[in-house]
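Engineer: Here you go, this is data_37.cif (mmCIF, C-alpha atoms and all ligand atoms).
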data_start
#
loop_
_atom_site.label_atom_id
_atom_site.label_comp_id
_atom_site.auth_asym_id
_atom_site.auth_seq_id
_atom_site.Cartn_x
_atom_site.Cartn_y
_atom_site.Cartn_z
CA MET A 1494 0.00 0.00 0.00
CA ARG A 1495 2.75 2.40 1.03
CA THR A 1496 4.80 1.39 -2.00
CA LYS A 1497 1.94 2.24 -4.33
CA ALA A 1498 1.76 5.75 -2.90
CA LEU A 1499 5.38 6.46 -3.73
CA SER A 1500 6.79 7.65 -7.03
CA ALA A 1501 9.08 5.49 -9.16
CA LEU A 1502 11.97 7.76 -8.10
CA ALA A 1503 11.20 7.22 -4.40
CA ARG A 1504 10.99 3.47 -4.95
CA ARG A 1505 14.34 3.51 -6.73
CA SER A 1506 15.93 5.34 -3.76
CA PRO A 1507 17.13 2.96 -1.01
CA GLU A 1508 18.62 4.54 2.09
CA PRO A 1509 21.89 6.08 0.90
CA ALA A 1510 24.98 4.42 2.41
CA ILE A 1511 26.17 7.88 3.49
CA SER A 1512 23.13 8.17 5.82
CA TRP A 1513 23.70 4.94 7.70
CA LEU A 1514 27.46 5.47 7.88
CA MET A 1515 26.94 8.94 9.36
CA GLN A 1516 24.20 7.70 11.70
CA LEU A 1517 26.41 4.88 12.96
CA THR A 1518 29.09 7.44 13.77
CA LEU A 1519 26.64 9.67 15.64
CA ASP A 1520 24.94 6.79 17.51
CA ARG A 1521 28.13 5.19 18.87
CA PRO A 1522 30.23 7.81 20.61
CA LYS A 1523 33.07 5.33 21.29
CA LEU A 1524 33.37 4.38 17.62
CA ILE A 1525 36.46 5.66 15.85
CA SER A 1526 35.10 6.63 12.48
CA LEU A 1527 37.66 6.58 9.70
CA ALA A 1528 34.65 6.42 7.39
CA ALA A 1529 32.73 9.66 7.33
CA GLY A 1530 33.68 12.37 4.89
CA PHE A 1531 33.36 14.87 7.76
CA THR A 1532 36.02 17.56 7.74
CA ASP A 1533 38.26 18.37 10.72
CA ASN A 1534 36.16 19.72 13.61
CA GLU A 1535 38.88 21.47 15.55
CA SER A 1536 39.84 23.78 12.70
CA LEU A 1537 36.36 24.86 11.59
CA PRO A 1538 36.45 28.67 11.29
CA VAL A 1539 33.98 29.41 14.11
CA ALA A 1540 35.53 32.69 15.28
CA GLU A 1541 36.03 33.94 11.70
CA ALA A 1542 32.44 33.11 10.74
CA ALA A 1543 31.08 34.81 13.88
CA GLU A 1544 33.05 37.96 13.10
CA ILE A 1545 31.89 38.00 9.48
CA LEU A 1546 28.25 37.36 10.34
CA HIS A 1547 28.36 40.09 12.97
CA ASP A 1548 29.65 42.43 10.31
CA VAL A 1549 27.20 41.30 7.62
CA LEU A 1550 24.22 41.57 9.96
CA LYS A 1551 24.80 45.17 11.01
CA PRO A 1552 21.51 47.12 11.00
CA GLY A 1553 20.83 48.72 7.63
CA ARG A 1554 20.58 47.82 3.96
CA ARG A 1555 23.43 45.32 3.93
CA GLY A 1556 22.01 43.28 6.81
CA GLN A 1557 18.56 43.39 5.28
CA ALA A 1558 19.85 42.22 1.91
CA ALA A 1559 21.62 39.27 3.57
CA LEU A 1560 18.34 38.13 5.12
CA GLN A 1561 16.36 38.58 1.92
CA TYR A 1562 15.90 36.20 -1.03
CA GLY A 1563 18.50 36.61 -3.75
CA SER A 1564 18.62 35.55 -7.40
CA THR A 1565 18.55 31.94 -8.64
CA ALA A 1566 22.08 32.17 -10.07
CA GLY A 1567 23.52 33.65 -6.88
CA ASP A 1568 25.16 36.85 -5.67
CA PRO A 1569 26.93 38.52 -8.63
CA ARG A 1570 29.96 39.49 -6.54
CA LEU A 1571 30.39 35.94 -5.26
CA ARG A 1572 30.09 34.62 -8.83
CA GLU A 1573 32.75 37.07 -9.98
CA ARG A 1574 35.11 36.15 -7.11
CA THR A 1575 34.51 32.46 -7.75
CA LEU A 1576 35.44 32.74 -11.41
CA LYS A 1577 38.58 34.75 -10.56
CA ARG A 1578 39.65 32.08 -8.05
CA ILE A 1579 39.31 29.28 -10.56
CA GLU A 1580 41.04 31.31 -13.27
CA LYS A 1581 43.92 31.97 -10.89
CA LEU A 1582 44.22 28.26 -10.17
CA ASP A 1583 44.05 27.47 -13.88
CA GLY A 1584 46.76 30.00 -14.67
CA GLY A 1585 44.75 32.61 -16.59
CA SER A 1586 41.46 33.41 -18.23
CA THR A 1587 39.24 30.46 -19.06
CA GLY A 1588 37.22 32.59 -21.48
CA TYR A 1589 34.20 32.32 -19.19
CA SER A 1590 32.37 35.26 -17.63
CA SER A 1591 30.74 35.43 -14.22
CA ASP A 1592 27.41 34.99 -16.03
CA ASP A 1593 28.47 31.38 -16.59
CA VAL A 1594 28.80 30.77 -12.84
CA ILE A 1595 25.93 29.48 -10.70
CA ILE A 1596 26.04 29.33 -6.90
CA THR A 1597 24.38 26.22 -5.50
CA HIS A 1598 23.52 24.67 -2.15
CA GLY A 1599 26.71 22.65 -1.94
CA SER A 1600 28.18 21.09 -5.05
CA GLN A 1601 25.90 18.14 -4.26
CA GLN A 1602 22.88 20.14 -5.44
CA LEU A 1603 24.74 21.02 -8.62
CA LEU A 1604 25.56 17.36 -9.32
CA TYR A 1605 21.93 16.39 -8.72
CA ILE A 1606 20.46 19.08 -10.94
CA LEU A 1607 23.03 18.57 -13.72
CA THR A 1608 22.15 14.90 -13.80
CA GLU A 1609 18.46 15.76 -14.05
CA ALA A 1610 19.21 18.35 -16.73
CA LEU A 1611 21.04 15.87 -18.96
CA CYS A 1612 19.67 12.41 -18.28
CA ASP A 1613 16.44 10.49 -18.58
CA PRO A 1614 15.74 7.08 -17.04
CA GLY A 1615 17.64 4.45 -19.03
CA ASP A 1616 20.45 6.85 -19.99
CA ILE A 1617 24.07 6.03 -19.19
CA VAL A 1618 26.67 8.02 -17.24
CA LEU A 1619 30.29 6.87 -17.42
CA VAL A 1620 31.91 6.92 -14.00
CA GLU A 1621 35.34 6.29 -12.63
CA ASP A 1622 35.70 2.80 -11.24
CA PRO A 1623 35.63 3.39 -8.23
CA THR A 1624 33.72 6.65 -7.80
CA TYR A 1625 32.00 8.93 -5.23
CA PHE A 1626 29.34 6.59 -3.91
CA VAL A 1627 26.80 9.33 -3.15
CA TYR A 1628 26.77 10.17 -6.85
CA LEU A 1629 25.95 6.55 -7.65
CA GLY A 1630 22.84 7.02 -5.47
CA ILE A 1631 21.71 9.97 -7.62
CA LEU A 1632 22.04 7.84 -10.74
CA GLN A 1633 20.23 4.87 -9.19
CA SER A 1634 17.28 6.94 -7.99
CA HIS A 1635 16.82 8.41 -11.46
CA GLY A 1636 16.99 5.02 -13.17
CA ILE A 1637 20.24 6.03 -14.91
CA ARG A 1638 22.80 3.34 -15.61
CA ALA A 1639 26.39 3.81 -14.42
CA ARG A 1640 29.15 2.30 -16.52
CA GLY A 1641 32.55 2.07 -14.84
CA VAL A 1642 35.81 3.05 -16.54
CA ARG A 1643 39.04 1.84 -14.95
CA LEU A 1644 40.81 4.43 -12.83
CA THR A 1645 44.57 4.55 -12.28
CA PRO A 1646 46.54 6.77 -9.85
CA GLU A 1647 47.30 9.10 -12.83
CA GLY A 1648 43.70 9.38 -14.00
CA LEU A 1649 41.26 7.54 -16.21
CA ASP A 1650 42.56 4.56 -18.17
CA ILE A 1651 42.02 5.99 -21.66
CA GLU A 1652 42.29 2.62 -23.36
CA ASP A 1653 39.54 1.30 -21.14
CA LEU A 1654 37.42 4.37 -21.93
CA ALA A 1655 37.89 3.62 -25.64
CA ARG A 1656 36.89 -0.02 -25.07
CA VAL A 1657 33.77 1.00 -23.13
CA LEU A 1658 32.68 3.51 -25.78
CA GLU A 1659 33.29 1.02 -28.57
CA ASP A 1660 31.31 -1.63 -26.70
CA LEU A 1661 28.39 0.76 -26.18
CA LYS A 1662 28.52 1.72 -29.87
CA ARG A 1663 28.43 -1.93 -30.92
CA LYS A 1664 25.39 -2.51 -28.71
CA GLY A 1665 23.62 0.54 -30.17
CA GLU A 1666 23.63 2.25 -26.76
CA LEU A 1667 25.86 5.22 -27.49
CA GLY A 1668 22.82 7.46 -27.90
CA ARG A 1669 22.12 6.90 -24.21
CA VAL A 1670 25.54 8.11 -23.03
CA LYS A 1671 25.22 11.67 -21.73
CA MET A 1672 28.36 12.35 -19.77
CA LEU A 1673 31.49 11.18 -18.03
CA TYR A 1674 31.58 12.00 -14.30
CA GLN A 1675 35.03 12.47 -12.79
CA VAL A 1676 36.41 13.52 -9.40
CA PRO A 1677 39.89 14.41 -10.66
CA TYR A 1678 41.39 15.97 -7.51
CA PHE A 1679 42.27 13.75 -4.51
CA GLN A 1680 39.42 11.62 -5.61
CA ASN A 1681 36.77 10.37 -3.26
CA PRO A 1682 37.39 7.49 -2.55
CA THR A 1683 40.97 6.82 -3.77
CA GLY A 1684 42.72 10.14 -3.05
CA TRP A 1685 44.23 10.03 -6.58
CA THR A 1686 44.58 13.08 -8.85
CA SER A 1687 44.14 12.93 -12.62
CA GLN A 1688 46.79 14.38 -14.88
CA PHE A 1689 45.60 17.21 -17.12
CA GLU A 1690 46.55 15.20 -20.24
CA ARG A 1691 44.28 12.35 -19.15
CA LYS A 1692 41.32 14.73 -18.90
CA THR A 1693 41.91 16.17 -22.35
CA ALA A 1694 42.50 12.71 -23.81
CA ALA A 1695 39.12 11.65 -22.38
CA LEU A 1696 37.46 14.74 -23.87
CA GLU A 1697 39.07 14.00 -27.24
CA LEU A 1698 37.67 10.49 -27.18
CA LEU A 1699 34.20 11.57 -26.09
CA ARG A 1700 34.13 14.05 -28.97
CA LYS A 1701 35.03 11.29 -31.42
CA TYR A 1702 31.92 9.36 -30.43
CA GLU A 1703 29.52 12.32 -30.43
CA ARG A 1704 28.49 11.89 -34.05
CA ALA A 1705 27.44 8.31 -33.42
CA ALA A 1706 25.76 9.35 -30.15
CA GLY A 1707 23.81 12.08 -31.93
CA HIS A 1708 24.46 14.68 -29.20
CA PRO A 1709 27.25 16.23 -27.12
CA ILE A 1710 28.83 14.04 -24.44
CA TYR A 1711 29.96 16.16 -21.49
CA LEU A 1712 32.75 15.81 -18.95
CA LEU A 1713 31.49 16.66 -15.46
CA GLU A 1714 34.58 17.61 -13.48
CA ASP A 1715 33.76 17.46 -9.76
CA ALA A 1716 36.61 19.37 -8.13
CA ALA A 1717 35.33 19.10 -4.54
CA TYR A 1718 38.78 18.46 -3.00
CA ARG A 1719 40.90 20.62 -5.31
CA GLU A 1720 41.93 23.18 -2.71
CA LEU A 1721 42.79 20.60 -0.05
CA ARG A 1722 46.26 20.06 -1.51
CA PHE A 1723 49.08 19.72 1.00
CA ALA A 1724 51.89 18.51 -1.28
CA GLY A 1725 52.93 19.22 -4.88
CA ASP A 1726 51.37 21.62 -7.39
CA ASP A 1727 47.82 22.14 -8.59
CA VAL A 1728 46.77 20.52 -11.85
CA ALA A 1729 44.78 22.69 -14.27
CA SER A 1730 41.12 21.87 -14.67
CA ALA A 1731 39.66 20.82 -18.00
CA LEU A 1732 38.33 24.40 -18.29
CA ALA A 1733 41.90 25.34 -19.22
CA ALA A 1734 41.59 23.46 -22.53
CA PRO A 1735 39.84 26.06 -24.76
CA LYS A 1736 39.17 23.46 -27.45
CA PHE A 1737 36.71 21.68 -25.16
CA ARG A 1738 35.10 24.68 -23.49
CA ALA A 1739 31.61 23.80 -24.60
CA ARG A 1740 31.86 20.28 -23.16
CA VAL A 1741 33.24 20.84 -19.65
CA LEU A 1742 30.89 21.13 -16.67
CA TYR A 1743 32.93 22.29 -13.67
CA ALA A 1744 31.59 21.65 -10.17
CA GLY A 1745 33.32 23.29 -7.21
CA THR A 1746 32.59 23.87 -3.55
CA TYR A 1747 33.45 26.09 -0.60
CA SER A 1748 32.34 23.31 1.78
CA LYS A 1749 35.57 21.41 2.18
CA PRO A 1750 38.02 24.34 2.10
CA PHE A 1751 35.96 26.56 4.45
CA ALA A 1752 32.90 25.17 6.24
CA THR A 1753 30.98 22.02 5.38
CA GLY A 1754 28.06 23.36 7.43
CA ALA A 1755 27.71 26.38 5.12
CA ARG A 1756 27.30 24.21 2.00
CA VAL A 1757 28.04 26.80 -0.65
CA GLY A 1758 28.98 25.24 -3.96
CA PHE A 1759 29.19 26.45 -7.54
CA GLY A 1760 29.21 25.47 -11.18
CA ILE A 1761 30.87 26.93 -14.27
CA LEU A 1762 28.73 25.76 -17.14
CA PRO A 1763 28.43 26.20 -20.90
CA GLU A 1764 25.12 26.75 -22.67
CA PRO A 1765 22.60 25.20 -23.01
CA VAL A 1766 23.34 23.30 -19.80
CA ARG A 1767 23.60 26.46 -17.69
CA THR A 1768 20.11 27.67 -18.59
CA ALA A 1769 18.65 24.20 -18.01
CA GLU A 1770 20.39 24.01 -14.63
CA LEU A 1771 19.10 27.47 -13.67
CA ARG A 1772 15.54 26.62 -14.60
CA ILE A 1773 15.56 23.41 -12.58
CA LYS A 1774 17.22 25.18 -9.65
CA GLY A 1775 14.48 27.79 -9.93
CA ASN A 1776 12.00 25.01 -9.24
CA HIS A 1777 14.12 23.58 -6.42
CA ASP A 1778 14.81 26.68 -4.33
CA PHE A 1779 15.08 29.77 -6.64
CA GLY A 1780 18.44 30.58 -5.09
CA THR A 1781 21.00 29.46 -2.53
CA ALA A 1782 20.59 30.89 1.00
CA ASN A 1783 21.73 34.48 0.72
CA LEU A 1784 23.14 34.70 4.25
CA LEU A 1785 25.51 31.81 3.56
CA GLN A 1786 26.60 33.38 0.27
CA GLN A 1787 27.40 36.62 2.14
CA LEU A 1788 29.43 34.62 4.65
CA LEU A 1789 31.55 33.16 1.87
CA LEU A 1790 31.79 36.42 -0.05
CA ARG A 1791 33.09 38.30 3.00
CA ALA A 1792 35.47 35.46 3.87
CA LEU A 1793 36.94 35.73 0.36
CA GLU A 1794 37.02 39.56 0.36
CA THR A 1795 38.73 39.80 3.75
CA CYS A 1796 41.28 37.01 3.03
CA LYS A 1797 39.91 35.04 5.99
CA TYR A 1798 39.20 32.26 3.50
CA GLU A 1799 42.79 32.20 2.28
CA THR A 1800 44.23 32.22 5.80
CA HIS A 1801 41.90 29.46 6.91
CA LEU A 1802 42.67 27.37 3.83
CA ALA A 1803 46.41 27.56 4.50
CA GLU A 1804 45.76 26.47 8.07
CA ILE A 1805 43.66 23.45 7.16
CA GLN A 1806 46.12 22.40 4.46
CA ARG A 1807 48.79 22.25 7.18
CA ARG A 1808 46.39 20.44 9.47
CA TYR A 1809 45.45 17.80 6.92
CA ARG A 1810 49.11 17.30 6.06
CA ARG A 1811 49.70 16.51 9.73
CA LYS A 1812 46.67 14.24 10.02
CA ALA A 1813 47.60 12.42 6.82
CA ARG A 1814 51.09 11.85 8.22
CA LEU A 1815 49.64 10.51 11.47
CA MET A 1816 47.60 8.06 9.45
CA THR A 1817 50.30 6.94 7.01
CA ARG A 1818 52.83 6.42 9.82
CA ALA A 1819 50.31 4.28 11.68
CA ILE A 1820 49.58 2.32 8.49
CA GLU A 1821 53.30 1.72 7.99
CA ALA A 1822 53.57 0.52 11.58
CA HIS A 1823 50.45 -1.64 11.79
CA PHE A 1824 49.23 -2.84 8.36
CA PRO A 1825 50.71 -6.02 6.87
CA SER A 1826 53.03 -5.21 3.95
CA SER A 1827 50.75 -7.05 1.51
CA ILE A 1828 48.17 -4.24 1.74
CA VAL A 1829 48.53 -1.83 -1.18
CA TRP A 1830 48.05 1.91 -0.55
CA MET A 1831 49.54 5.27 -1.54
CA HIS A 1832 50.61 8.40 0.32
CA PRO A 1833 47.99 11.11 -0.32
CA ALA A 1834 49.05 14.59 -1.51
CA GLY A 1835 45.75 16.19 -0.50
CA GLY A 1836 42.10 15.54 0.22
CA LEU A 1837 40.86 13.40 3.10
CA TYR A 1838 41.40 9.79 2.08
CA VAL A 1839 43.73 6.82 1.88
CA TRP A 1840 42.61 3.93 -0.29
CA ALA A 1841 43.92 0.52 0.77
CA THR A 1842 43.54 -2.77 -1.08
CA VAL A 1843 43.78 -6.12 0.72
CA PRO A 1844 45.24 -9.22 -0.99
CA GLN A 1845 43.23 -11.82 -2.96
CA GLY A 1846 41.25 -14.11 -0.67
CA VAL A 1847 40.32 -11.37 1.81
CA THR A 1848 37.23 -9.18 1.43
CA SER A 1849 36.39 -5.76 2.85
CA GLY A 1850 32.64 -5.37 2.13
CA VAL A 1851 29.78 -4.68 4.55
CA LYS A 1852 29.34 -8.42 5.17
CA SER A 1853 33.05 -9.22 5.43
CA LYS A 1854 34.80 -10.42 8.55
CA LEU A 1855 37.08 -7.39 8.37
CA PHE A 1856 34.20 -4.90 8.43
CA ARG A 1857 32.18 -6.76 11.08
CA THR A 1858 35.15 -7.32 13.41
CA GLY A 1859 36.08 -3.67 12.92
CA LEU A 1860 32.62 -2.61 14.13
CA GLU A 1861 32.86 -4.94 17.14
CA ARG A 1862 36.16 -3.25 18.00
CA ASP A 1863 34.74 0.22 17.42
CA VAL A 1864 36.48 1.17 14.22
CA LEU A 1865 34.68 2.04 10.99
CA TYR A 1866 35.86 2.50 7.39
CA VAL A 1867 33.97 2.81 4.09
CA PRO A 1868 33.89 -0.56 2.32
CA GLY A 1869 35.25 -0.01 -1.17
CA GLU A 1870 32.46 -2.10 -2.72
CA LEU A 1871 30.05 0.82 -2.13
CA CYS A 1872 32.12 2.91 -4.54
CA TYR A 1873 31.78 0.65 -7.58
CA ALA A 1874 28.87 0.96 -9.99
CA ASP A 1875 26.44 -1.95 -10.40
CA ASP A 1876 27.95 -2.71 -13.75
CA PRO A 1877 27.06 -6.07 -15.29
CA ALA A 1878 30.17 -5.76 -17.48
CA ARG A 1879 32.42 -6.72 -14.56
CA ARG A 1880 32.38 -8.33 -11.13
CA LYS A 1881 32.21 -5.74 -8.35
CA PRO A 1882 35.58 -5.50 -6.58
CA ASN A 1883 35.40 -6.19 -2.85
CA ARG A 1884 38.93 -5.73 -1.53
CA ASP A 1885 39.25 -2.00 -0.88
CA LEU A 1886 38.89 0.26 2.14
CA ARG A 1887 38.41 4.02 2.09
CA ILE A 1888 40.04 5.34 5.24
CA SER A 1889 39.58 9.01 6.10
CA PHE A 1890 41.84 11.18 8.23
CA GLY A 1891 39.45 14.15 7.86
CA GLY A 1892 37.00 13.91 10.72
CA ALA A 1893 38.76 11.68 13.26
CA ALA A 1894 40.54 13.32 16.21
CA ASP A 1895 44.36 13.26 16.02
CA ALA A 1896 44.67 10.86 18.94
CA ASP A 1897 42.10 8.47 17.46
CA ILE A 1898 43.80 8.07 14.09
CA PRO A 1899 46.69 5.80 15.21
CA VAL A 1900 44.37 3.91 17.58
CA GLY A 1901 41.84 3.22 14.80
CA ILE A 1902 44.57 2.17 12.36
CA ALA A 1903 46.18 -0.08 14.98
CA ARG A 1904 42.82 -1.81 15.54
CA LEU A 1905 42.33 -2.34 11.81
CA GLY A 1906 45.93 -3.53 11.53
CA SER A 1907 45.50 -6.16 14.22
CA ILE A 1908 42.38 -7.53 12.48
CA LEU A 1909 44.13 -7.47 9.10
CA ARG A 1910 47.18 -9.33 10.40
CA LYS A 1911 44.93 -12.25 11.36
CA LEU A 1912 43.16 -12.25 7.98
CA VAL A 1913 45.96 -11.96 5.42
C1 LIG B 2001 33.41 14.02 -4.54
C2 LIG B 2001 32.42 14.89 -3.84
N1 LIG B 2001 31.67 15.71 -4.57
C3 LIG B 2001 30.77 16.51 -4.00
C4 LIG B 2001 30.55 16.50 -2.62
C5 LIG B 2001 29.50 17.38 -2.05
O1 LIG B 2001 30.00 18.41 -1.24
P1 LIG B 2001 29.20 19.72 -0.94
O2 LIG B 2001 27.78 19.52 -1.34
O3 LIG B 2001 29.33 19.94 0.52
O4 LIG B 2001 29.83 20.79 -1.76
C6 LIG B 2001 31.31 15.64 -1.83
C7 LIG B 2001 31.09 15.56 -0.38
O5 LIG B 2001 31.64 14.76 0.33
C8 LIG B 2001 32.27 14.81 -2.45
O6 LIG B 2001 33.03 13.95 -1.76
#
Will you turn the file into structure tokens for me?

Structural biologist:
Amino acid sequence: MRTKALSALARRSPEPAISWLMQLTLDRPKLISLAAGFTDNESLPVAEAAEILHDVLKPGRRGQAALQYGSTAGDPRLRERTLKRIEKLDGGSTGYSSDDVIITHGSQQLLYILTEALCDPGDIVLVEDPTYFVYLGILQSHGIRARGVRLTPEGLDIEDLARVLEDLKRKGELGRVKMLYQVPYFQNPTGWTSQFERKTAALELLRKYERAAGHPIYLLEDAAYRELRFAGDDVASALAAPKFRARVLYAGTYSKPFATGARVGFGILPEPVRTAELRIKGNHDFGTANLLQQLLLRALETCKYETHLAEIQRRYRRKARLMTRAIEAHFPSSIVWMHPAGGLYVWATVPQGVTSGVKSKLFRTGLERDVLYVPGELCYADDPARRKPNRDLRISFGGAADADIPVGIARLGSILRKLV
């Protein structure tokens, strides 16, 4: 009876894994969660935000404007600043104007709306294998098929992308392929960063298949972790390749680098996708909360953002080191993992014969001993073209307290030593 009352979309939407992982963390105070994508609590910019909000909410026109509705696309000054920031990172003008920028309620809203703007049920989105598991939930609830493309520490495996596209062409399904979704900076879940050349090679290939597809095939570049770099140099975004300007959908966020609780994200989008996104956002909320936009705008204008970012980069470098030292000390040498250069995650793969999924001994014993990680299996698309891998762990140093990181890793290590 209840099922009949619900829409097809609601029926296709099981409880997202992110909800139960977060709930588990909140319900069990003794649990050391190396799972949640929470950012570091201690360094959240509470004092800075209080000062800014005090300033923004002074009596008068400015305070009133901050508590009033704004426009669907977002505050023009924040859009301008946002574009300038990305252009600075990309080493010069991208040829975009601030009219091409949309401010959204977190980049999550942008990803959701973009998917609705481009895809119908039965369509196909190419995803990195593995990928951001919350995005897989968006695809599933819309009845959109995800097709995995092998990911390497340097970026997408271009030969595999070619194989996948050729296979879809042979099956007459190319017309259903709408975009390739990538998290090219300190990827969630692997922590790997794609080389610029891999992104342009992917765009080149997608373009080659557009004629057979009968429509453009976009690259959605989700740069959520781009600014959380604590080693090495930034890699330019695909926006920096003028040849592909009309095919790149750039998703960014101020959540991770400033305050996850503020949830201010943004998109830089070509037409006609930008207008479609704006219209759908108009139906969703006709504009991101103005007060939060003013918070971010003032943080950027007063350099509080920059100062805070430098501080959290140092902090994550330290937390990452705490984690990697503990891994070196406690994990068996047969576990494969890499040192992260940014972001919040270490991706570890256990040897053949051991599994890491929700039902595995490793995961269950971990819970009994109050340590939680994200089972890698959640990050792979339900892709009939291959068997879902079940040997990976996403371990986060973002939210856990400094003192808990080595303790959690030591617990995992002692379980692993008995299993491998
Ligand atoms: C890869 C990726 N994209 C997007 C988001 C959404 O972030 P927000 O909506 O806070 O900008 C997240 C959050 O964890 C993420 O990991």

Engineer: Within 7 Å of ligand LIG 2001 (chain B) (counting only C-alpha atoms and all ligand atoms), which residues show up? I'd like them as a JSON list (two decimals) with C-alpha atoms, in the frame of the given file.

Structural biologist:
[["chain", "number", "residue", "atom", "x", "y", "z"],
["A", 1530, "GLY", "CA", 33.68, 12.37, 4.89],
["A", 1598, "HIS", "CA", 23.52, 24.67, -2.15],
["A", 1599, "GLY", "CA", 26.71, 22.65, -1.94],
["A", 1600, "SER", "CA", 28.18, 21.09, -5.05],
["A", 1601, "GLN", "CA", 25.90, 18.14, -4.26],
["A", 1602, "GLN", "CA", 22.88, 20.14, -5.44],
["A", 1625, "TYR", "CA", 32.00, 8.93, -5.23],
["A", 1676, "VAL", "CA", 36.41, 13.52, -9.40],
["A", 1680, "GLN", "CA", 39.42, 11.62, -5.61],
["A", 1681, "ASN", "CA", 36.77, 10.37, -3.26],
["A", 1715, "ASP", "CA", 33.76, 17.46, -9.76],
["A", 1717, "ALA", "CA", 35.33, 19.10, -4.54],
["A", 1745, "GLY", "CA", 33.32, 23.29, -7.21],
["A", 1746, "THR", "CA", 32.59, 23.87, -3.55],
["A", 1747, "TYR", "CA", 33.45, 26.09, -0.60],
["A", 1748, "SER", "CA", 32.34, 23.31, 1.78],
["A", 1749, "LYS", "CA", 35.57, 21.41, 2.18],
["A", 1753, "THR", "CA", 30.98, 22.02, 5.38],
["A", 1756, "ARG", "CA", 27.30, 24.21, 2.00],
["A", 1757, "VAL", "CA", 28.04, 26.80, -0.65],
["A", 1758, "GLY", "CA", 28.98, 25.24, -3.96]]

Engineer: Would you mind listing what lies within 8 Å of Gly1835 in chain A as a list of chain:residue names, with only C-alpha atoms counted and same-chain residues fewer than 5 positions away left out?

Structural biologist: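 The neighbour list is A:Phe1679, A:Gly1684, A:Tyr1718, A:Leu1721, A:Arg1722, A:Phe1723, A:Ala1724, A:Gln1806, A:Tyr1809, A:Arg1810.
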
Engineer: CA of Arg1880 in chain A to CA of Tyr1628 in chain A: how many Å, to one decimal?

Structural biologist: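 These two atoms are separated by 19.8 Å.
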
Engineer: Suppose you want the space between CA of Gln1688 in chain A and CA of Gly1836 in chain A; what is it in Å?

Structural biologist: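 These two atoms are separated by 15.9 Å.
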
Engineer: My list of candidates is A:Phe1890, A:Phe1531, A:Tyr1562, A:Tyr1798. Which is closest to Arg1814 in chain A when distances are computed with all atoms listed in the file?

Structural biologist: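 Residue with the minimum atom-to-atom distance to Arg1814 in chain A: A:Phe1890.
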
Engineer: Counting all atoms listed in the file, which of A:Pro1522, A:Pro1833, A:Val1741, A:Ser1564 gets nearest to Leu1699 in chain A?

Structural biologist: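 Counting all atoms listed in the file, the residue closest to Leu1699 in chain A is A:Val1741.
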
Engineer: Please check which residues have atoms at most 10 Å from (49.9, 3.9, -4.9) in the file's coordinates, counting all atoms listed in the file, and write them as an NGL selection string.

Structural biologist: :A and (1645-1647 or 1683-1685 or 1829-1833 or 1839-1842)

Engineer: Taking only C-alpha atoms into account, which of A:Ala1755, A:Leu1771, A:Ala1822, A:Ala1874 comes nearest Pro1538 in chain A?

Structural biologist: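 Checking each of A:Ala1755, A:Leu1771, A:Ala1822, A:Ala1874 against Pro1538 in chain A, counting only C-alpha atoms, the winner is A:Ala1755.
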
Engineer: Residues near Arg1640 in chain A, anyone? I mean within 7 Å using only C-alpha atoms, not counting same-chain ones fewer than 2 positions away, as a tab-separated table (two decimals) with C-alpha atoms, in the frame of the given file.

Structural biologist:
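Saved as around38.tsv:
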chain	number	residue	atom	x	y	z
A	1617	ILE	CA	24.07	6.03	-19.19
A	1618	VAL	CA	26.67	8.02	-17.24
A	1619	LEU	CA	30.29	6.87	-17.42
A	1620	VAL	CA	31.91	6.92	-14.00
A	1638	ARG	CA	22.80	3.34	-15.61
A	1642	VAL	CA	35.81	3.05	-16.54
A	1874	ALA	CA	28.87	0.96	-9.99
A	1876	ASP	CA	27.95	-2.71	-13.75

Engineer: Could you tell me how far CA of Arg1879 in chain A sits from CA of Glu1609 in chain A, in Å to one decimal place?

Structural biologist: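 Spanning CA of Glu1609 in chain A to CA of Arg1879 in chain A is a straight-line distance of 26.5 Å.
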
Engineer: For the point (37.2, 5.3, -13.9) in file coordinates, what residues are within 6 Å, counting all atoms listed in the file? Give the answer as a list in words?

Structural biologist: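 Answer for this query, in the requested form: Val1620, Glu1621, Asp1622, Gly1641, Val1642, Arg1643, Leu1644 and Leu1649 of chain A.
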
Engineer: Choose the residue, out of A:Glu1690, A:Leu1698, A:Cys1612, A:Thr1858, that has the smallest atom-to-atom separation from Leu1654 in chain A; count all atoms listed in the file.

Structural biologist: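 Of A:Glu1690, A:Leu1698, A:Cys1612, A:Thr1858, the one nearest Leu1654 in chain A, counting all atoms listed in the file, is A:Leu1698.
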
Engineer: Near His1823 in chain A, within 6 Å and counting only C-alpha atoms, which residues show up once chain neighbours fewer than 3 positions away are dropped, as a list of chain:residue names?

Structural biologist: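 Result of the neighbour search: A:Ala1819, A:Ile1820, A:Ala1903, A:Gly1906.
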
Engineer: Find the residue from A:Ala1540, A:Ile1761, A:Ala1610, A:Leu1499 that sits nearest to Ile1596 in chain A; use all atoms listed in the file when measuring.

Structural biologist: A:Ile1761

Engineer: Pick out the residues sitting within 10 Å of Pro1509 in chain A, and hand them over as a ChimeraX atom specification; count all atoms listed in the file, and ignore anything fewer than 5 positions along from it in its own chain.

Structural biologist: /A:1514,1626-1627,1629-1631

Engineer: Rank A:Leu1667, A:Ile1525, A:Leu1762, A:Leu1865 by their smallest atom-to-atom distance to Ala1896 in chain A, using all atoms listed in the file, and report the top residue only.

Structural biologist: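 Of A:Leu1667, A:Ile1525, A:Leu1762, A:Leu1865, the one nearest Ala1896 in chain A, counting all atoms listed in the file, is A:Ile1525.
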